$ cat start_0.cif   # mmCIF, N, CA and C atoms
data_final
loop_
_atom_site.label_atom_id
_atom_site.label_comp_id
_atom_site.auth_asym_id
_atom_site.auth_seq_id
_atom_site.Cartn_x
_atom_site.Cartn_y
_atom_site.Cartn_z
N MET A 9 14.66 37.88 113.23
CA MET A 9 16.01 37.50 113.57
C MET A 9 16.00 36.42 114.63
N GLU A 10 15.10 36.58 115.58
CA GLU A 10 14.97 35.60 116.65
C GLU A 10 14.64 34.22 116.08
N TYR A 11 13.68 34.19 115.15
CA TYR A 11 13.23 32.95 114.55
C TYR A 11 14.38 32.23 113.86
N TYR A 12 15.23 32.99 113.18
CA TYR A 12 16.35 32.42 112.45
C TYR A 12 17.61 32.28 113.31
N LYS A 13 17.50 32.68 114.59
CA LYS A 13 18.61 32.60 115.54
C LYS A 13 19.84 33.34 115.01
N GLN A 14 19.58 34.58 114.56
CA GLN A 14 20.66 35.41 114.03
C GLN A 14 20.72 36.71 114.80
N ASN A 15 21.93 37.23 114.96
CA ASN A 15 22.06 38.56 115.52
C ASN A 15 21.89 39.57 114.38
N SER A 16 21.89 40.85 114.71
CA SER A 16 21.63 41.87 113.69
C SER A 16 22.71 41.89 112.61
N THR A 17 23.94 41.61 112.98
CA THR A 17 25.03 41.60 112.01
C THR A 17 24.84 40.48 110.99
N ALA A 18 24.58 39.28 111.45
CA ALA A 18 24.38 38.14 110.55
C ALA A 18 23.14 38.34 109.69
N PHE A 19 22.09 38.90 110.28
CA PHE A 19 20.84 39.14 109.54
C PHE A 19 21.08 40.15 108.42
N ALA A 20 21.78 41.24 108.72
CA ALA A 20 22.09 42.25 107.70
C ALA A 20 22.93 41.65 106.59
N ASP A 21 23.92 40.86 106.96
CA ASP A 21 24.78 40.22 105.96
C ASP A 21 23.98 39.27 105.08
N GLN A 22 23.08 38.51 105.68
CA GLN A 22 22.24 37.57 104.93
C GLN A 22 21.36 38.30 103.92
N LEU A 23 20.81 39.45 104.33
CA LEU A 23 19.94 40.23 103.45
C LEU A 23 20.72 41.05 102.43
N GLY A 24 21.99 41.31 102.73
CA GLY A 24 22.78 42.14 101.83
C GLY A 24 22.49 43.62 102.02
N VAL A 25 22.22 44.01 103.26
CA VAL A 25 21.96 45.42 103.58
C VAL A 25 23.02 45.90 104.57
N PRO A 26 23.23 47.22 104.65
CA PRO A 26 24.19 47.72 105.64
C PRO A 26 23.75 47.34 107.06
N ARG A 27 24.71 47.04 107.90
CA ARG A 27 24.41 46.65 109.28
C ARG A 27 23.69 47.76 110.03
N SER A 28 24.02 49.00 109.69
CA SER A 28 23.39 50.14 110.36
C SER A 28 21.89 50.20 110.07
N SER A 29 21.47 49.71 108.91
CA SER A 29 20.03 49.77 108.58
C SER A 29 19.22 48.89 109.53
N ILE A 30 19.76 47.75 109.93
CA ILE A 30 19.08 46.88 110.89
C ILE A 30 19.01 47.58 112.24
N SER A 31 20.10 48.18 112.65
CA SER A 31 20.14 48.91 113.91
C SER A 31 19.11 50.04 113.93
N HIS A 32 19.01 50.78 112.84
CA HIS A 32 18.06 51.89 112.75
C HIS A 32 16.61 51.39 112.75
N LEU A 33 16.37 50.25 112.13
CA LEU A 33 15.01 49.67 112.14
C LEU A 33 14.63 49.21 113.54
N LEU A 34 15.56 48.54 114.21
CA LEU A 34 15.28 48.00 115.55
C LEU A 34 15.08 49.11 116.58
N SER A 35 15.78 50.22 116.41
CA SER A 35 15.66 51.33 117.36
C SER A 35 14.43 52.19 117.07
N GLY A 36 13.81 51.99 115.90
CA GLY A 36 12.65 52.79 115.54
C GLY A 36 13.02 54.09 114.85
N ARG A 37 14.29 54.29 114.60
CA ARG A 37 14.74 55.52 113.92
C ARG A 37 14.23 55.58 112.49
N ASN A 38 14.26 54.46 111.79
CA ASN A 38 13.82 54.38 110.40
C ASN A 38 12.74 53.32 110.25
N LYS A 39 11.97 53.47 109.20
CA LYS A 39 11.02 52.44 108.78
C LYS A 39 11.66 51.69 107.63
N PRO A 40 11.26 50.45 107.39
CA PRO A 40 11.90 49.68 106.31
C PRO A 40 11.60 50.29 104.94
N SER A 41 12.61 50.37 104.11
CA SER A 41 12.45 50.87 102.75
C SER A 41 11.88 49.76 101.87
N LEU A 42 11.42 50.11 100.69
CA LEU A 42 10.94 49.11 99.75
C LEU A 42 12.07 48.16 99.37
N ASP A 43 13.27 48.71 99.19
CA ASP A 43 14.43 47.88 98.88
C ASP A 43 14.66 46.83 99.97
N PHE A 44 14.57 47.25 101.23
CA PHE A 44 14.76 46.32 102.35
C PHE A 44 13.68 45.24 102.33
N ILE A 45 12.43 45.64 102.14
CA ILE A 45 11.32 44.69 102.14
C ILE A 45 11.48 43.67 101.02
N LEU A 46 11.87 44.13 99.83
CA LEU A 46 12.06 43.21 98.71
C LEU A 46 13.19 42.22 98.99
N LYS A 47 14.26 42.70 99.60
CA LYS A 47 15.37 41.80 99.95
C LYS A 47 14.93 40.78 101.00
N LEU A 48 14.13 41.23 101.96
CA LEU A 48 13.62 40.35 103.01
C LEU A 48 12.75 39.25 102.40
N ILE A 49 11.83 39.62 101.53
CA ILE A 49 10.91 38.65 100.92
C ILE A 49 11.67 37.69 100.00
N ASN A 50 12.68 38.20 99.28
CA ASN A 50 13.48 37.32 98.42
C ASN A 50 14.29 36.34 99.23
N THR A 51 14.86 36.80 100.34
CA THR A 51 15.73 35.96 101.16
C THR A 51 14.93 34.99 102.01
N TYR A 52 13.82 35.46 102.55
CA TYR A 52 13.00 34.64 103.44
C TYR A 52 11.55 34.63 102.93
N PRO A 53 11.24 33.79 101.93
CA PRO A 53 9.89 33.79 101.34
C PRO A 53 8.79 33.37 102.32
N GLU A 54 9.16 32.75 103.43
CA GLU A 54 8.14 32.36 104.40
C GLU A 54 7.66 33.54 105.24
N VAL A 55 8.29 34.70 105.10
CA VAL A 55 7.84 35.89 105.82
C VAL A 55 6.57 36.40 105.13
N ASN A 56 5.51 36.46 105.90
CA ASN A 56 4.24 36.96 105.39
C ASN A 56 4.33 38.47 105.31
N LEU A 57 4.21 39.01 104.10
CA LEU A 57 4.35 40.45 103.89
C LEU A 57 3.32 41.24 104.70
N TYR A 58 2.10 40.78 104.75
CA TYR A 58 1.05 41.46 105.51
C TYR A 58 1.39 41.46 106.99
N TRP A 59 1.91 40.36 107.49
CA TRP A 59 2.34 40.29 108.89
C TRP A 59 3.48 41.26 109.15
N PHE A 60 4.44 41.30 108.23
CA PHE A 60 5.59 42.18 108.40
C PHE A 60 5.18 43.65 108.41
N LEU A 61 4.27 44.02 107.53
CA LEU A 61 3.88 45.43 107.41
C LEU A 61 2.84 45.86 108.43
N ASN A 62 1.93 44.95 108.80
CA ASN A 62 0.80 45.33 109.66
C ASN A 62 0.75 44.62 111.01
N GLY A 63 1.58 43.61 111.20
CA GLY A 63 1.55 42.87 112.45
C GLY A 63 0.35 41.95 112.57
N LYS A 64 -0.35 41.71 111.47
CA LYS A 64 -1.51 40.82 111.48
C LYS A 64 -1.18 39.59 110.64
N GLY A 65 -1.76 38.47 111.02
CA GLY A 65 -1.45 37.23 110.33
C GLY A 65 -0.49 36.42 111.18
N GLU A 66 0.20 35.51 110.55
CA GLU A 66 1.10 34.63 111.28
C GLU A 66 2.48 34.62 110.66
N PHE A 67 3.45 34.31 111.48
CA PHE A 67 4.80 34.08 111.01
C PHE A 67 5.32 32.81 111.66
N PRO A 68 5.90 31.90 110.92
CA PRO A 68 5.99 31.92 109.46
C PRO A 68 4.62 31.73 108.82
N SER A 69 4.57 32.02 107.53
CA SER A 69 3.30 31.98 106.81
C SER A 69 2.64 30.62 106.88
N THR A 70 1.33 30.64 107.05
CA THR A 70 0.54 29.42 106.93
C THR A 70 0.01 29.38 105.50
N THR A 71 -0.65 28.33 105.12
CA THR A 71 -1.18 28.21 103.76
C THR A 71 -2.12 29.36 103.44
N SER A 72 -3.03 29.72 104.36
CA SER A 72 -3.98 30.79 104.09
C SER A 72 -3.28 32.14 104.05
N ASP A 73 -2.22 32.33 104.85
CA ASP A 73 -1.47 33.58 104.81
C ASP A 73 -0.76 33.76 103.48
N LYS A 74 -0.24 32.67 102.92
CA LYS A 74 0.49 32.77 101.67
C LYS A 74 -0.40 33.28 100.55
N GLN A 75 -1.70 33.04 100.64
CA GLN A 75 -2.62 33.55 99.63
C GLN A 75 -2.73 35.07 99.72
N ASN A 76 -2.50 35.64 100.91
CA ASN A 76 -2.56 37.09 101.07
C ASN A 76 -1.20 37.74 100.88
N ASN A 77 -0.19 37.00 100.57
CA ASN A 77 1.17 37.52 100.50
C ASN A 77 1.53 37.88 99.06
N LEU A 78 0.75 38.76 98.45
CA LEU A 78 0.96 39.21 97.09
C LEU A 78 1.06 38.05 96.11
N SER A 79 0.05 37.17 96.13
CA SER A 79 0.08 36.04 95.21
C SER A 79 0.10 36.54 93.79
N GLY A 80 0.83 35.87 92.95
CA GLY A 80 0.95 36.26 91.55
C GLY A 80 2.07 37.25 91.31
N CYS A 81 2.80 37.66 92.34
CA CYS A 81 3.90 38.61 92.18
C CYS A 81 5.22 37.93 92.51
N GLU A 82 6.21 38.26 91.76
CA GLU A 82 7.53 37.71 92.00
C GLU A 82 8.50 38.87 92.06
N PHE A 83 9.35 38.90 93.09
CA PHE A 83 10.31 39.98 93.25
C PHE A 83 11.65 39.52 92.74
N GLN A 84 12.26 40.36 91.91
CA GLN A 84 13.56 40.02 91.37
C GLN A 84 14.47 41.23 91.49
N GLU A 85 15.75 40.98 91.73
CA GLU A 85 16.73 42.04 91.78
C GLU A 85 17.50 42.02 90.47
N SER A 86 17.57 43.15 89.79
CA SER A 86 18.28 43.21 88.52
C SER A 86 19.76 43.41 88.78
N GLU A 87 20.56 43.33 87.72
CA GLU A 87 22.00 43.44 87.86
C GLU A 87 22.43 44.82 88.33
N ASN A 88 21.66 45.86 87.99
CA ASN A 88 22.06 47.21 88.39
C ASN A 88 21.53 47.58 89.76
N THR A 89 21.21 46.60 90.57
CA THR A 89 20.76 46.71 91.97
C THR A 89 19.42 47.43 92.15
N GLN A 90 18.71 47.72 91.08
CA GLN A 90 17.36 48.24 91.25
C GLN A 90 16.42 47.05 91.29
N ASN A 91 15.39 47.15 92.13
CA ASN A 91 14.45 46.04 92.26
C ASN A 91 13.35 46.18 91.23
N GLN A 92 12.91 45.05 90.73
CA GLN A 92 11.83 45.03 89.77
C GLN A 92 10.76 44.08 90.28
N LEU A 93 9.52 44.44 90.03
CA LEU A 93 8.40 43.59 90.40
C LEU A 93 7.85 42.99 89.12
N SER A 94 7.94 41.69 89.01
CA SER A 94 7.37 41.00 87.86
C SER A 94 6.02 40.46 88.27
N ILE A 95 4.99 40.86 87.57
CA ILE A 95 3.66 40.40 87.91
C ILE A 95 3.26 39.30 86.94
N SER A 96 2.96 38.16 87.49
CA SER A 96 2.52 37.03 86.70
C SER A 96 1.08 36.75 87.09
N PRO A 97 0.12 37.32 86.37
CA PRO A 97 -1.27 37.15 86.77
C PRO A 97 -1.66 35.68 86.80
N THR A 98 -2.42 35.32 87.84
CA THR A 98 -2.88 33.93 87.93
C THR A 98 -4.05 33.71 86.98
N ASN A 99 -4.76 34.76 86.64
CA ASN A 99 -5.85 34.69 85.69
C ASN A 99 -5.29 35.17 84.35
N THR A 100 -5.11 34.27 83.38
CA THR A 100 -4.45 34.63 82.13
C THR A 100 -5.30 35.50 81.22
N THR A 101 -6.56 35.78 81.58
CA THR A 101 -7.39 36.65 80.75
C THR A 101 -7.12 38.12 81.01
N LYS A 102 -6.39 38.42 82.09
CA LYS A 102 -6.07 39.81 82.40
C LYS A 102 -4.85 40.24 81.59
N GLU A 103 -4.91 41.48 81.09
CA GLU A 103 -3.78 42.04 80.39
C GLU A 103 -3.46 43.40 80.99
N ILE A 104 -2.19 43.74 81.02
CA ILE A 104 -1.79 45.05 81.53
C ILE A 104 -2.11 46.09 80.47
N ARG A 105 -2.84 47.12 80.88
CA ARG A 105 -3.24 48.18 79.97
C ARG A 105 -2.28 49.35 80.03
N GLN A 106 -1.82 49.69 81.25
CA GLN A 106 -0.99 50.87 81.42
C GLN A 106 -0.11 50.72 82.65
N ILE A 107 1.11 51.21 82.57
CA ILE A 107 2.03 51.23 83.70
C ILE A 107 2.51 52.67 83.86
N MET A 108 2.39 53.19 85.10
CA MET A 108 2.86 54.55 85.37
C MET A 108 4.05 54.48 86.31
N VAL A 109 5.07 55.28 85.99
CA VAL A 109 6.24 55.39 86.84
C VAL A 109 6.28 56.81 87.36
N LEU A 110 6.23 56.96 88.69
CA LEU A 110 6.23 58.28 89.31
C LEU A 110 7.63 58.57 89.82
N TYR A 111 8.16 59.74 89.47
CA TYR A 111 9.51 60.14 89.89
C TYR A 111 9.44 61.14 91.03
N THR A 112 10.51 61.20 91.79
CA THR A 112 10.54 62.08 92.96
C THR A 112 10.47 63.55 92.61
N ASP A 113 10.79 63.93 91.37
CA ASP A 113 10.72 65.33 90.97
C ASP A 113 9.31 65.74 90.54
N GLY A 114 8.33 64.84 90.70
CA GLY A 114 6.94 65.15 90.37
C GLY A 114 6.55 64.80 88.95
N THR A 115 7.49 64.34 88.14
CA THR A 115 7.17 63.94 86.77
C THR A 115 6.81 62.47 86.75
N PHE A 116 6.30 62.02 85.61
CA PHE A 116 5.95 60.62 85.48
C PHE A 116 6.07 60.19 84.02
N ASP A 117 6.16 58.91 83.81
CA ASP A 117 6.13 58.29 82.48
C ASP A 117 5.01 57.27 82.48
N THR A 118 4.37 57.15 81.34
CA THR A 118 3.30 56.17 81.19
C THR A 118 3.69 55.22 80.06
N TYR A 119 3.59 53.94 80.32
CA TYR A 119 3.90 52.92 79.33
C TYR A 119 2.63 52.15 79.01
N HIS A 120 2.46 51.90 77.72
CA HIS A 120 1.33 51.11 77.24
C HIS A 120 1.90 49.89 76.53
N PRO A 121 1.93 48.74 77.22
CA PRO A 121 2.50 47.54 76.60
C PRO A 121 1.81 47.20 75.29
N GLY A 122 2.61 46.80 74.32
CA GLY A 122 2.06 46.39 73.04
C GLY A 122 1.81 47.55 72.09
N LYS A 123 2.11 48.76 72.48
CA LYS A 123 1.91 49.91 71.56
C LYS A 123 3.22 50.45 71.10
#
$ encode --input "start_0.cif" --output "structure tokens"
Amino acid sequence: MEYYKQNSTAFADQLGVPRSSISHLLSGRNKPSLDFILKLINTYPEVNLYWFLNGKGEFPSTTSDKQNNLSGCEFQESENTQNQLSISPTNTTKEIRQIMVLYTDGTFDTYHPGK
């Protein structure tokens, strides 16, 4: 927020998150959710994800940091407000074999692309 010269209200509005979520993060009451992190990376792509999560690296991202910032991944928000991770492998010889979705009730679904 300091870097962008924004207060917590403007920052929350820019990210499209409730203002209280910024307050809770700053006070240490809550940790950032995946939804918050995806919105942050979509809104401010120069934020190094590794720096944000671990405090290591640099902000804003340098060229070498950008290589560690989930290269090959693109974050998109769908119309129904659920976030989706689109993986675009940089090596085209790799193919996705299996995708598992884990649910909070302990169940899971497995998808096999192309089957």
$ atom_distance --input "start_0.cif" --atom1 "atom CA of Tyr58 of chain A" --atom2 "atom CA of Asp43 of chain A"
16.3 Å
$ residues_around --input "start_0.cif" --residues "Pro121 of chain A" --least-positions-apart "6" --cutoff "12 Å" --atoms "only C-alpha atoms" --output "PyMOL selection string"
chain A and resi 103-108
$ atom_distance --input "start_0.cif" --atom1 "atom CA of Phe116 of chain A" --atom2 "atom CA of Ser41 of chain A"
20.9 Å
$ residues_around --input "start_0.cif" --residues "Tyr52 of chain A" --least-positions-apart "5" --cutoff "8 Å" --atoms "only N, CA and C atoms" --output "compact mmCIF listing (two decimals) with N, CA and C atoms, in the coordinates of the input"
# COMPACT_ATOMS: atom_id res chain seq x y z
N LEU A 23 20.81 39.45 104.33
CA LEU A 23 19.94 40.23 103.45
C LEU A 23 20.72 41.05 102.43
N LEU A 46 11.87 44.13 99.83
CA LEU A 46 12.06 43.21 98.71
C LEU A 46 13.19 42.22 98.99
N LYS A 47 14.26 42.70 99.60
CA LYS A 47 15.37 41.80 99.95
C LYS A 47 14.93 40.78 101.00
$ atom_distance --input "start_0.cif" --atom1 "atom CA of Val25 of chain A" --atom2 "atom N of Ile45 of chain A"
9.6 Å
$ closest_residue --input "start_0.cif" --among "A:Gln22, A:Ser28, A:Asp113, A:Phe67" --to "Thr51 of chain A" --atoms "all atoms listed in the file"
A:Gln22
$ resolve_selection --input "start_0.cif" --expression "the PyMOL selection byres ((chain A and resi 17) around 8)" --output "mmCIF file with N, CA and C atoms, in the coordinates of the input"
data_model
loop_
_atom_site.group_PDB
_atom_site.id
_atom_site.type_symbol
_atom_site.label_atom_id
_atom_site.label_comp_id
_atom_site.auth_asym_id
_atom_site.auth_seq_id
_atom_site.Cartn_x
_atom_site.Cartn_y
_atom_site.Cartn_z
ATOM 1 N N GLN A 14 19.580 34.580 114.560
ATOM 2 C CA GLN A 14 20.660 35.410 114.030
ATOM 3 C C GLN A 14 20.720 36.710 114.800
ATOM 4 N N ASN A 15 21.930 37.230 114.960
ATOM 5 C CA ASN A 15 22.060 38.560 115.520
ATOM 6 C C ASN A 15 21.890 39.570 114.380
ATOM 7 N N SER A 16 21.890 40.850 114.710
ATOM 8 C CA SER A 16 21.630 41.870 113.690
ATOM 9 C C SER A 16 22.710 41.890 112.610
ATOM 10 N N ALA A 18 24.580 39.280 111.450
ATOM 11 C CA ALA A 18 24.380 38.140 110.550
ATOM 12 C C ALA A 18 23.140 38.340 109.690
ATOM 13 N N PHE A 19 22.090 38.900 110.280
ATOM 14 C CA PHE A 19 20.840 39.140 109.540
ATOM 15 C C PHE A 19 21.080 40.150 108.420
ATOM 16 N N ALA A 20 21.780 41.240 108.720
ATOM 17 C CA ALA A 20 22.090 42.250 107.700
ATOM 18 C C ALA A 20 22.930 41.650 106.590
ATOM 19 N N ASP A 21 23.920 40.860 106.960
ATOM 20 C CA ASP A 21 24.780 40.220 105.960
ATOM 21 C C ASP A 21 23.980 39.270 105.080
ATOM 22 N N GLN A 22 23.080 38.510 105.680
ATOM 23 C CA GLN A 22 22.240 37.570 104.930
ATOM 24 C C GLN A 22 21.360 38.300 103.920
ATOM 25 N N LEU A 23 20.810 39.450 104.330
ATOM 26 C CA LEU A 23 19.940 40.230 103.450
ATOM 27 C C LEU A 23 20.720 41.050 102.430
ATOM 28 N N PRO A 26 23.230 47.220 104.650
ATOM 29 C CA PRO A 26 24.190 47.720 105.640
ATOM 30 C C PRO A 26 23.750 47.340 107.060
ATOM 31 N N ARG A 27 24.710 47.040 107.900
ATOM 32 C CA ARG A 27 24.410 46.650 109.280
ATOM 33 C C ARG A 27 23.690 47.760 110.030
ATOM 34 N N SER A 28 24.020 49.000 109.690
ATOM 35 C CA SER A 28 23.390 50.140 110.360
ATOM 36 C C SER A 28 21.890 50.200 110.070
ATOM 37 N N ILE A 30 19.760 47.750 109.930
ATOM 38 C CA ILE A 30 19.080 46.880 110.890
ATOM 39 C C ILE A 30 19.010 47.580 112.240
ATOM 40 N N SER A 31 20.100 48.180 112.650
ATOM 41 C CA SER A 31 20.140 48.910 113.910
ATOM 42 C C SER A 31 19.110 50.040 113.930
#
